[in-house]
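File shown here: work_24.csv, holding CSV, C-alpha atoms.
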chain,number,residue,atom,x,y,z
A,410,MET,CA,-8.9,-48.5,11.1
A,411,GLY,CA,-6.4,-47.9,14.0
A,412,LYS,CA,-7.1,-48.5,17.6
A,413,ILE,CA,-8.2,-44.9,17.9
A,414,SER,CA,-11.0,-44.2,15.3
A,415,LEU,CA,-11.6,-40.6,16.3
A,416,ILE,CA,-10.0,-37.8,18.2
A,417,SER,CA,-11.5,-34.3,18.1
A,418,VAL,CA,-11.7,-31.0,20.1
A,419,ASP,CA,-15.1,-29.3,20.1
A,420,ILE,CA,-15.6,-25.8,21.6
A,421,ASP,CA,-18.7,-24.0,22.6
A,422,ARG,CA,-18.7,-21.4,19.8
A,423,PRO,CA,-19.1,-22.6,16.2
A,424,ASN,CA,-17.3,-19.6,14.8
A,425,GLY,CA,-14.4,-20.1,17.2
A,426,VAL,CA,-14.2,-16.4,18.1
A,427,TYR,CA,-13.4,-15.3,21.7
A,428,ILE,CA,-12.6,-12.0,23.3
A,429,ALA,CA,-9.5,-11.8,25.4
A,430,GLY,CA,-10.5,-12.4,29.0
A,431,GLU,CA,-13.4,-14.8,28.2
A,432,TYR,CA,-13.8,-18.5,29.0
A,433,ILE,CA,-13.6,-21.3,26.4
A,434,ASN,CA,-15.6,-24.4,27.2
A,435,GLY,CA,-15.2,-27.5,25.2
A,436,THR,CA,-14.7,-31.3,25.0
A,437,LEU,CA,-11.9,-33.5,23.9
A,438,THR,CA,-13.4,-36.7,22.4
A,439,VAL,CA,-11.5,-39.9,21.8
A,440,ASP,CA,-13.1,-43.0,20.3
A,441,VAL,CA,-11.2,-46.2,21.1
A,442,ALA,CA,-11.9,-49.2,18.8
A,443,GLU,CA,-9.6,-51.7,20.5
A,444,PRO,CA,-7.9,-51.9,23.9
A,445,LEU,CA,-5.0,-49.4,23.9
A,446,LYS,CA,-2.2,-48.9,26.4
A,447,VAL,CA,-1.3,-45.2,26.8
A,448,ARG,CA,0.9,-43.1,29.0
A,449,GLY,CA,-2.0,-40.6,29.2
A,450,VAL,CA,-4.3,-38.2,27.5
A,451,GLN,CA,-3.5,-34.5,27.5
A,452,ILE,CA,-5.1,-31.2,26.5
A,453,LYS,CA,-2.8,-28.3,25.7
A,454,PHE,CA,-3.7,-24.6,25.4
A,455,LYS,CA,-1.2,-22.4,23.6
A,456,GLY,CA,-1.0,-18.9,22.3
A,457,PHE,CA,2.1,-17.4,20.7
A,458,ALA,CA,3.5,-15.0,18.1
A,459,LYS,CA,6.3,-15.9,15.7
A,460,VAL,CA,8.3,-13.9,13.1
A,461,HIS,CA,10.5,-15.6,10.5
A,462,TRP,CA,12.0,-14.8,7.1
A,463,THR,CA,15.2,-15.5,5.2
A,464,GLU,CA,17.5,-13.3,3.1
A,465,GLN,CA,20.4,-14.1,0.8
A,466,HIS,CA,23.6,-12.3,1.7
A,467,GLY,CA,27.1,-12.2,0.0
A,468,SER,CA,27.9,-13.4,-3.5
A,469,GLY,CA,29.6,-16.3,-5.2
A,470,LYS,CA,31.1,-18.8,-2.8
A,471,ASN,CA,30.3,-16.5,0.1
A,472,ARG,CA,26.6,-16.4,-0.7
A,473,HIS,CA,24.5,-17.7,2.2
A,474,THR,CA,21.1,-17.7,3.7
A,475,VAL,CA,20.4,-15.7,6.9
A,476,HIS,CA,17.4,-16.5,9.0
A,477,TYR,CA,15.7,-13.7,10.9
A,478,HIS,CA,13.3,-14.7,13.6
A,479,ASN,CA,11.6,-13.9,16.9
A,480,GLU,CA,8.8,-15.2,19.0
A,481,GLU,CA,6.9,-14.7,22.2
A,482,THR,CA,4.5,-16.9,24.2
A,483,TYR,CA,1.2,-15.6,25.7
A,484,PHE,CA,0.2,-18.9,27.4
A,485,ASN,CA,1.3,-22.5,27.3
A,486,GLU,CA,-0.8,-24.7,29.6
A,487,LYS,CA,-0.9,-28.5,29.6
A,488,ARG,CA,-3.5,-30.6,31.5
A,489,VAL,CA,-3.3,-34.4,31.9
A,490,VAL,CA,-6.9,-35.7,31.9
A,491,LEU,CA,-6.2,-39.4,31.9
A,492,GLY,CA,-3.1,-41.4,33.0
A,493,ARG,CA,0.2,-39.5,33.5
A,494,GLY,CA,2.3,-36.9,31.8
A,495,THR,CA,5.0,-37.8,29.3
A,496,LYS,CA,7.8,-37.1,31.8
A,497,GLU,CA,6.2,-38.6,34.8
A,498,SER,CA,6.9,-42.1,36.1
A,499,GLY,CA,4.3,-44.7,36.7
A,500,GLU,CA,2.2,-47.4,35.1
A,501,ASP,CA,0.6,-47.1,31.7
A,502,THR,CA,-3.2,-46.9,31.5
A,503,VAL,CA,-5.3,-49.2,29.3
A,504,MET,CA,-8.1,-47.4,27.4
A,505,THR,CA,-10.9,-49.9,26.7
A,506,PRO,CA,-13.1,-49.7,23.6
A,507,GLN,CA,-15.5,-46.9,24.1
A,508,ARG,CA,-16.0,-43.2,23.6
A,509,TYR,CA,-14.1,-41.0,26.1
A,510,GLN,CA,-15.1,-37.4,26.6
A,511,PHE,CA,-13.1,-35.0,28.6
A,512,PRO,CA,-14.8,-31.6,29.2
A,513,PHE,CA,-12.5,-28.6,29.8
A,514,GLN,CA,-12.7,-24.9,30.6
A,515,PHE,CA,-9.9,-22.4,29.9
A,516,VAL,CA,-9.7,-18.8,30.9
A,517,ILE,CA,-8.2,-16.6,28.2
A,518,PRO,CA,-5.8,-14.1,29.6
A,519,HIS,CA,-6.4,-10.4,29.3
A,520,HIS,CA,-4.0,-8.1,27.4
A,521,ILE,CA,-3.0,-10.6,24.7
A,522,PRO,CA,-3.1,-9.6,21.0
A,523,SER,CA,-5.7,-10.4,18.4
A,524,SER,CA,-5.1,-13.4,16.1
A,525,PHE,CA,-3.1,-12.5,13.0
A,526,GLU,CA,-1.7,-14.2,9.9
A,527,GLY,CA,1.0,-12.5,7.8
A,528,VAL,CA,3.5,-13.5,5.2
A,529,HIS,CA,6.4,-13.2,7.7
A,530,GLY,CA,4.7,-13.7,11.0
A,531,ARG,CA,1.6,-14.7,12.9
A,532,VAL,CA,-0.2,-14.7,16.2
A,533,ARG,CA,-1.9,-18.0,16.7
A,534,TYR,CA,-4.0,-19.7,19.4
A,535,HIS,CA,-5.0,-23.4,19.5
A,536,ILE,CA,-6.2,-26.2,21.7
A,537,LYS,CA,-4.5,-29.6,21.1
A,538,GLY,CA,-5.7,-33.0,22.3
A,539,LYS,CA,-3.1,-35.7,22.4
A,540,VAL,CA,-3.1,-39.4,23.2
A,541,ASP,CA,0.4,-40.3,24.3
A,542,ILE,CA,1.1,-43.9,23.1
A,543,PRO,CA,4.3,-45.6,24.2
A,544,MET,CA,6.5,-47.0,21.5
A,545,ALA,CA,4.2,-45.7,18.7
A,546,PHE,CA,3.1,-42.5,17.1
A,547,ASP,CA,1.0,-40.3,19.3
A,548,LYS,CA,-2.6,-39.4,18.1
A,549,GLU,CA,-3.2,-35.6,18.0
A,550,PHE,CA,-5.9,-33.2,17.0
A,551,GLN,CA,-5.4,-29.4,17.0
A,552,ARG,CA,-8.3,-26.9,17.1
A,553,PRO,CA,-7.4,-23.3,16.2
A,554,PHE,CA,-9.5,-20.4,17.4
A,555,THR,CA,-9.6,-16.7,17.0
A,556,ILE,CA,-8.8,-14.2,19.8
A,557,ILE,CA,-10.0,-10.6,19.4
A,558,ALA,CA,-8.4,-8.0,21.6
A,559,ASN,CA,-11.0,-5.2,21.8
A,560,VAL,CA,-9.8,-1.8,20.6
A,561,ASP,CA,-12.5,0.6,21.8
A,562,LEU,CA,-12.3,3.7,19.6
A,563,ASN,CA,-14.3,5.7,22.3
A,564,GLN,CA,-11.1,5.4,24.5
A,565,MET,CA,-9.0,7.1,21.8
A,566,PRO,CA,-9.5,10.9,21.6
A,567,THR,CA,-7.7,11.1,18.3
A,568,ALA,CA,-10.2,8.7,16.7
A,569,ARG,CA,-12.8,11.5,16.5
A,570,GLN,CA,-10.5,13.9,14.9
A,571,ALA,CA,-11.2,15.0,11.3
A,572,LEU,CA,-8.1,15.2,9.2
A,573,GLN,CA,-7.0,16.4,5.8
A,574,ASN,CA,-3.7,16.1,3.9
A,575,GLU,CA,-2.6,17.5,0.5
A,576,ASP,CA,0.4,17.5,-1.7
A,577,GLN,CA,1.5,18.3,-5.2
A,578,LYS,CA,4.1,17.4,-7.8
A,579,THR,CA,5.5,18.6,-11.1
A,580,LEU,CA,5.8,16.2,-13.9
A,581,CYS,CA,8.8,16.2,-16.3
A,582,CYS,CA,7.6,16.8,-19.9
A,583,CYS,CA,10.5,16.6,-22.4
A,584,CYS,CA,12.3,19.5,-20.6
A,585,CYS,CA,9.3,21.7,-21.1
A,586,GLU,CA,7.7,23.6,-18.3
A,587,SER,CA,4.5,22.0,-17.0
A,588,GLY,CA,2.2,23.0,-14.2
A,589,PRO,CA,1.8,20.8,-11.1
A,590,ILE,CA,-0.8,18.3,-10.2
A,591,SER,CA,-2.3,18.8,-6.7
A,592,ALA,CA,-4.6,16.8,-4.6
A,593,VAL,CA,-6.3,17.1,-1.2
A,594,ILE,CA,-8.1,14.4,0.8
A,595,ARG,CA,-10.3,14.9,3.8
A,596,VAL,CA,-12.0,12.5,6.3
A,597,ASP,CA,-14.5,13.4,9.1
A,598,LYS,CA,-12.7,11.2,11.6
A,599,THR,CA,-9.8,8.8,11.8
A,600,GLY,CA,-11.3,5.9,13.8
A,601,TYR,CA,-13.3,3.2,12.1
A,602,VAL,CA,-14.4,-0.5,12.4
A,603,PRO,CA,-14.5,-3.2,9.8
A,604,GLY,CA,-17.6,-3.0,7.7
A,605,GLU,CA,-17.8,0.8,8.0
A,606,GLY,CA,-17.5,3.0,5.0
A,607,ILE,CA,-14.9,5.8,5.0
A,608,ARG,CA,-16.5,8.7,3.2
A,609,ILE,CA,-14.0,10.6,1.1
A,610,SER,CA,-13.9,14.3,0.4
A,611,GLY,CA,-11.2,15.7,-1.9
A,612,GLU,CA,-10.2,17.4,-5.1
A,613,ILE,CA,-7.5,16.8,-7.7
A,614,THR,CA,-6.4,19.6,-10.0
A,615,ASN,CA,-4.4,18.7,-13.1
A,616,ASN,CA,-2.4,21.8,-14.1
A,617,SER,CA,0.1,19.7,-16.1
A,618,ASN,CA,0.2,19.1,-19.9
A,619,ASN,CA,-0.4,15.4,-19.4
A,620,LYS,CA,-3.6,13.5,-18.7
A,621,MET,CA,-4.0,11.5,-15.5
A,622,ASP,CA,-5.0,7.9,-16.3
A,623,SER,CA,-7.0,7.6,-13.0
A,624,SER,CA,-7.5,8.6,-9.4
A,625,LYS,CA,-8.2,6.1,-6.7
A,626,VAL,CA,-8.6,5.8,-2.9
A,627,VAL,CA,-7.0,2.8,-1.3
A,628,ILE,CA,-6.6,1.4,2.2
A,629,ASP,CA,-3.1,0.1,2.8
A,630,GLN,CA,-2.3,-2.4,5.5
A,631,ARG,CA,1.4,-1.9,6.5
A,632,ILE,CA,2.9,-4.6,8.7
A,633,ALA,CA,6.2,-4.5,10.6
A,634,PHE,CA,7.8,-7.8,11.5
A,635,HIS,CA,10.4,-7.4,14.3
A,636,ALA,CA,13.1,-10.1,14.4
A,637,THR,CA,15.8,-10.0,17.1
A,638,SER,CA,18.2,-8.0,14.9
A,639,LYS,CA,16.1,-6.5,12.0
A,640,THR,CA,12.7,-5.3,11.1
A,641,ARG,CA,10.9,-6.0,7.8
A,642,TRP,CA,7.9,-4.2,6.4
A,643,THR,CA,5.2,-5.3,4.0
A,644,SER,CA,2.4,-3.3,2.5
A,645,SER,CA,-0.7,-4.3,0.5
A,646,HIS,CA,-4.0,-2.8,-0.5
A,647,ILE,CA,-7.0,-4.3,1.3
A,648,ALA,CA,-9.6,-2.1,-0.4
A,649,LYS,CA,-9.8,0.3,-3.4
A,650,ILE,CA,-12.2,2.5,-5.2
A,651,LYS,CA,-11.3,4.2,-8.5
A,652,LYS,CA,-12.3,7.0,-10.9
A,653,GLY,CA,-11.4,7.7,-14.5
A,654,GLU,CA,-9.2,10.0,-16.5
A,655,ILE,CA,-8.4,13.7,-15.7
A,656,ALA,CA,-7.6,15.8,-18.8
A,657,PRO,CA,-4.9,18.4,-18.8
A,658,GLY,CA,-6.2,21.4,-17.0
A,659,GLY,CA,-9.1,19.4,-15.6
A,660,THR,CA,-10.2,18.5,-12.1
A,661,GLU,CA,-11.7,15.6,-10.3
A,662,VAL,CA,-13.8,16.0,-7.1
A,663,TRP,CA,-14.6,13.3,-4.5
A,664,THR,CA,-17.8,14.1,-2.8
A,665,GLY,CA,-18.5,11.5,-0.1
A,666,GLU,CA,-17.8,8.3,-2.0
A,667,ALA,CA,-17.3,5.5,0.5
A,668,ILE,CA,-14.6,2.9,0.7
A,669,GLN,CA,-15.6,0.0,2.8
A,670,ILE,CA,-13.3,-1.6,5.3
A,671,PRO,CA,-13.1,-5.4,5.0
A,672,PRO,CA,-12.7,-7.8,7.8
A,673,CYS,CA,-9.2,-7.3,9.2
A,674,PRO,CA,-7.2,-7.2,12.5
A,675,PRO,CA,-7.3,-4.0,14.6
A,676,SER,CA,-4.6,-1.4,14.4
A,677,MET,CA,-1.3,-1.8,16.3
A,678,LEU,CA,-1.9,-5.4,17.3
A,679,GLN,CA,-1.9,-4.4,21.0
A,680,GLY,CA,-0.2,-6.9,23.3
A,681,CYS,CA,2.2,-8.1,20.6
A,682,ASN,CA,5.8,-6.8,20.8
A,683,ILE,CA,7.1,-8.3,17.5
A,684,ILE,CA,4.4,-7.4,15.0
A,685,ASP,CA,2.8,-4.0,14.3
A,686,VAL,CA,-0.1,-3.3,12.1
A,687,ILE,CA,-0.8,0.2,10.6
A,688,TYR,CA,-3.5,1.3,8.2
A,689,VAL,CA,-3.1,4.2,5.8
A,690,LEU,CA,-5.9,5.7,3.6
A,691,LYS,CA,-4.4,7.2,0.4
A,692,LEU,CA,-5.6,9.3,-2.4
A,693,VAL,CA,-3.5,8.2,-5.4
A,694,VAL,CA,-3.3,10.1,-8.8
A,695,ASP,CA,-1.8,8.0,-11.6
A,696,PRO,CA,-0.3,10.1,-14.4
A,697,SER,CA,-0.2,8.8,-18.0
A,698,GLY,CA,3.3,7.5,-19.0
A,699,PRO,CA,6.3,6.6,-16.8
A,700,SER,CA,5.8,9.3,-14.1
A,701,PHE,CA,5.5,8.2,-10.5
A,702,ASP,CA,2.1,8.4,-8.8
A,703,LEU,CA,1.1,11.3,-6.5
A,704,GLU,CA,0.1,9.8,-3.2
A,705,VAL,CA,-1.6,11.7,-0.4
A,706,PRO,CA,-1.9,9.6,2.8
A,707,ILE,CA,-3.8,9.8,6.0
A,708,GLU,CA,-3.2,7.3,8.8
A,709,ILE,CA,-6.4,5.8,10.2
A,710,VAL,CA,-7.1,3.6,13.2
A,711,ILE,CA,-9.2,0.4,12.8
A,712,GLY,CA,-10.8,-0.7,16.1
A,713,THR,CA,-13.3,-3.3,17.2
A,714,ILE,CA,-15.9,-1.1,19.0
A,715,PRO,CA,-17.2,1.8,16.9
A,716,LEU,CA,-17.3,5.4,18.0
A,717,ARG,CA,-20.6,6.1,19.8
A,718,ASP,CA,-20.8,9.6,18.4
A,719,PHE,CA,-20.6,8.3,14.8
A,720,PHE,CA,-22.7,5.1,15.2
A,721,TYR,CA,-25.6,4.9,12.8
A,722,PRO,CA,-28.2,2.2,13.7
A,723,TYR,CA,-29.5,2.2,10.1
A,724,THR,CA,-27.6,2.0,6.8
A,725,GLN,CA,-27.4,5.7,6.0
A,726,ALA,CA,-24.8,8.2,5.0
A,727,PRO,CA,-23.4,10.5,7.7
A,728,ALA,CA,-25.1,13.9,7.5
A,729,HIS,CA,-22.2,15.8,9.1
A,730,MET,CA,-19.6,15.4,6.4
A,731,ASN,CA,-17.5,18.5,6.6
A,732,ILE,CA,-15.6,20.5,4.0
A,733,ALA,CA,-12.3,21.9,5.4
A,734,GLN,CA,-10.2,24.8,4.2
A,735,PRO,CA,-7.0,23.7,2.6
A,736,GLY,CA,-3.7,24.0,4.4
A,737,GLY,CA,-0.1,23.7,3.4
A,738,PHE,CA,0.9,21.0,0.9
A,739,GLY,CA,2.3,17.8,2.5
A,740,MET,CA,0.7,18.5,5.9
A,741,GLN,CA,-1.8,16.1,7.5
A,742,GLN,CA,-4.0,18.6,9.3
A,743,PRO,CA,-6.9,18.3,11.7
A,744,VAL,CA,-10.2,20.0,10.6
A,745,ALA,CA,-13.4,20.8,12.3
A,746,SER,CA,-16.4,18.5,12.3
A,747,ALA,CA,-19.9,19.0,13.4
A,748,PRO,CA,-21.1,16.4,16.0
A,749,PRO,CA,-23.7,13.9,14.8
A,750,ALA,CA,-27.0,13.3,16.6
A,751,PRO,CA,-26.8,11.2,19.8
A,752,VAL,CA,-27.5,7.5,19.8
A,753,SER,CA,-29.9,6.0,22.3
A,754,ASN,CA,-28.5,3.6,24.9
A,755,ASP,CA,-30.6,0.7,23.7
A,756,LEU,CA,-28.9,0.7,20.3
A,757,TYR,CA,-25.3,0.9,21.5
A,758,PRO,CA,-22.9,-0.9,21.5
A,759,PRO,CA,-24.1,-2.6,18.4
A,760,PRO,CA,-23.5,-6.4,18.2
A,761,PRO,CA,-21.1,-7.2,15.4
A,762,SER,CA,-21.2,-10.0,12.9
A,763,TYR,CA,-18.0,-12.0,12.3
A,764,ALA,CA,-16.3,-12.7,8.9
A,765,GLU,CA,-13.0,-14.3,7.8
A,766,CYS,CA,-10.1,-12.0,7.3
A,767,VAL,CA,-9.6,-10.4,3.9
A,768,TYR,CA,-5.9,-10.5,2.9
A,769,GLY,CA,-4.2,-7.9,0.7
A,770,GLU,CA,-3.5,-8.0,-3.0
A,771,GLY,CA,-2.6,-11.6,-4.0
A,772,GLY,CA,-2.9,-12.7,-0.3
A,773,SER,CA,-4.2,-15.9,1.1
A,774,ALA,CA,-4.1,-17.9,4.3
A,775,PHE,CA,-0.5,-18.5,5.2
A,776,LYS,CA,0.9,-21.7,6.4
A,777,ASP,CA,4.2,-22.6,8.2
A,778,ASP,CA,6.4,-25.1,6.3
A,779,ASN,CA,6.5,-27.2,9.5
A,780,ASP,CA,2.7,-26.9,10.2
A,781,LYS,CA,1.1,-30.3,9.6
A,782,HIS,CA,-2.4,-28.8,10.0
A,783,GLN,CA,-4.6,-26.9,7.6
A,784,PRO,CA,-4.0,-23.2,7.1
A,785,PHE,CA,-6.1,-21.1,9.5
A,786,VAL,CA,-7.9,-17.9,8.6
A,787,PRO,CA,-8.8,-15.7,11.6
A,788,THR,CA,-12.3,-14.3,11.9
A,789,TYR,CA,-12.9,-10.6,12.9
A,790,ALA,CA,-15.7,-8.4,14.1
A,791,TYR,CA,-17.6,-6.9,11.2
A,792,TYR,CA,-20.3,-4.3,11.2
A,793,GLY,CA,-22.6,-4.4,8.1
A,794,TRP,CA,-22.7,-0.7,7.4
A,795,THR,CA,-22.9,1.0,4.0
Rewrite the structure from the file as structure tokens, please.
Amino acid sequence: MGKISLISVDIDRPNGVYIAGEYINGTLTVDVAEPLKVRGVQIKFKGFAKVHWTEQHGSGKNRHTVHYHNEETYFNEKRVVLGRGTKESGEDTVMTPQRYQFPFQFVIPHHIPSSFEGVHGRVRYHIKGKVDIPMAFDKEFQRPFTIIANVDLNQMPTARQALQNEDQKTLCCCCCESGPISAVIRVDKTGYVPGEGIRISGEITNNSNNKMDSSKVVIDQRIAFHATSKTRWTSSHIAKIKKGEIAPGGTEVWTGEAIQIPPCPPSMLQGCNIIDVIYVLKLVVDPSGPSFDLEVPIEIVIGTIPLRDFFYPYTQAPAHMNIAQPGGFGMQQPVASAPPAPVSNDLYPPPPSYAECVYGEGGSAFKDDNDKHQPFVPTYAYYGWT
């Protein structure tokens, strides 16, 4: 056992979730087993975003690795709670054998982005306790926490807008003429929150000579990582529902099936200038054989506070699902939607639960190569709707 038997940072919320603008209250605890000379004890509060990836360029002897990166800092505050700072002059302090507890309070700034973890970038927040020991390795403990920057869908007029989109394609069939496959997808609004079910209305018509192996509706999370000189996009499915085959000349109708939004960061990642998050709902038709899928997308917005007009205090299906008239193929079009019944003031806004982020296909918690601490999974607001 070393001279320090314990160093920990405890905060006042067990789930570690805070809203931008709130206070964090906590305690840095240091247990000293033997007398220890230190420069000081520090608590550091840090919030930052970082983007980084590598690419191989050139060939042969000219082949080389190029690093693309960018970063920004939202806060970086250090407090000396015992002794002196590392760069300050003065006498060292002797910590006697006992338990030291240093309470702290930190005001989270407004207008900072939600926590985020991605394969090429991240937004992270942590509190670090450090015992600065001269002529020896410092003792540190880092406590990550989640920030949620509220995205109120009620402040976004387009979130209430119903949309439809449709498209078609013709398959090649051994140089023979074949009719097109066409698909249309409709939603009664474009603004949602995690836990909410997106109810799908749509039709697929297979006028080709081939069967369709399946149709499915997916939610894609598309992320743009902005380095100083280049942008890199990634895309992955975070949710999917699927139907079966469609015979030649057949149809498939979607009549209010719901795809549930898993715990995930809000759209746009407001407050971050180097990472963008976009969500796209897609109706996908998968032809048999080597042909490319037909994809019909609608961009949706995922927020943290649900639309009051569409909030249902009980787990029930919306009764105002509309059927729109089709428009031109390839056009994402607004459609009319009847308003739902009003919700009483004592039921709104609903209190969310919190759940760890769901990553896309094959995803997991990401970790920096130089990060000595355990990977961190952010926690997001989640409403248990069906």
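Coordinates place CA of Thr664 (chain A) at a distance of 24.7 Å from CA of Gly588 (chain A).
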Checklist line | Nearest to Thr660 (chain A), chosen from A:Glu443, A:Glu480, A:Asp702, A:Glu612, with all atoms listed in the file counted in the distances | finding: A:Glu612
Note to self: Just the number, please: distance in Å from CA of Ile609 (chain A) to CA of Pro760 (chain A), one decimal.
What the structure shows: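 It comes out at 25.9 Å.
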Next item on the list: Please provide as a list in words all residues within 10 Å of Thr788 (chain A), with the sequence filter that same-chain residues fewer than 3 positions apart are discarded (counting all atoms listed in the file).
Entry: Asn424, Gly425, Val426, Tyr427, Ser524, Phe525, Phe554, Thr555, Ile556, Ile557, Pro672, Cys673, Pro674, Ser762, Tyr763, Ala764, Glu765, Cys766, Val767, Phe785 and Tyr791 of chain A
Checklist line | Closest of A:Met621, A:Ile655, A:Val662, A:Leu415 to Pro696 (chain A) - atom-to-atom distances counting all atoms listed in the file | finding: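 Going through A:Met621, A:Ile655, A:Val662, A:Leu415 one by one, the smallest distance to Pro696 (chain A) is for A:Met621.
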Item checked: Of the listed residues A:Ile452, A:Leu572, A:Ile416, A:Leu692, that which approaches Lys487 (chain A) most closely, counting all atoms listed in the file ->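 Smallest distance to Lys487 (chain A) is found for A:Ile452.
Interatomic distance, CA of Gln669 (chain A) to CA of Thr567 (chain A): 20.6 Å.
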Checklist line | Best match for closeness to Val528 (chain A) among A:Phe546, A:Phe634, A:Phe719, A:Phe701, counting only C-alpha atoms | finding: A:Phe634
Checklist line | Leu562 (chain A) surroundings by all atoms listed in the file, 8 Å radius, close-in-sequence under 4 positions cut, as number ranges by chain | finding: A: 566, 568, 600-601, 712-716
Notebook entry, point to check: When distances are computed from all atoms listed in the file, which of A:Gly449, A:Gly659, A:Pro543, A:Asp419 shows the smallest separation from Thr436 (chain A)?
Noted result: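 Closest candidate: A:Asp419.
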Note to self: Using all atoms listed in the file, which protein or nucleic acid residues come within 12 Å of region 461-463 of chain A? Drop anything in the same chain fewer than 3 positions from it, and give the result as a list in words.
What the structure shows: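 These residues fall inside the cut-off: Ala458, His466, His473, Thr474, Val475, His476, Tyr477, His478, Asn479, Glu480, Gly527, Val528, His529, Gly530, Arg531, Ala633, Phe634, His635, Ala636, Thr637, Ser638, Lys639, Thr640, Arg641, Trp642, Ile683, Ile684, Asp777 and Asp778 of chain A.
Closest approach to Ser676 (chain A) from the set A:Phe484, A:Tyr688, A:Phe513, A:Phe457 is made by A:Tyr688, with distances taken over only C-alpha atoms.
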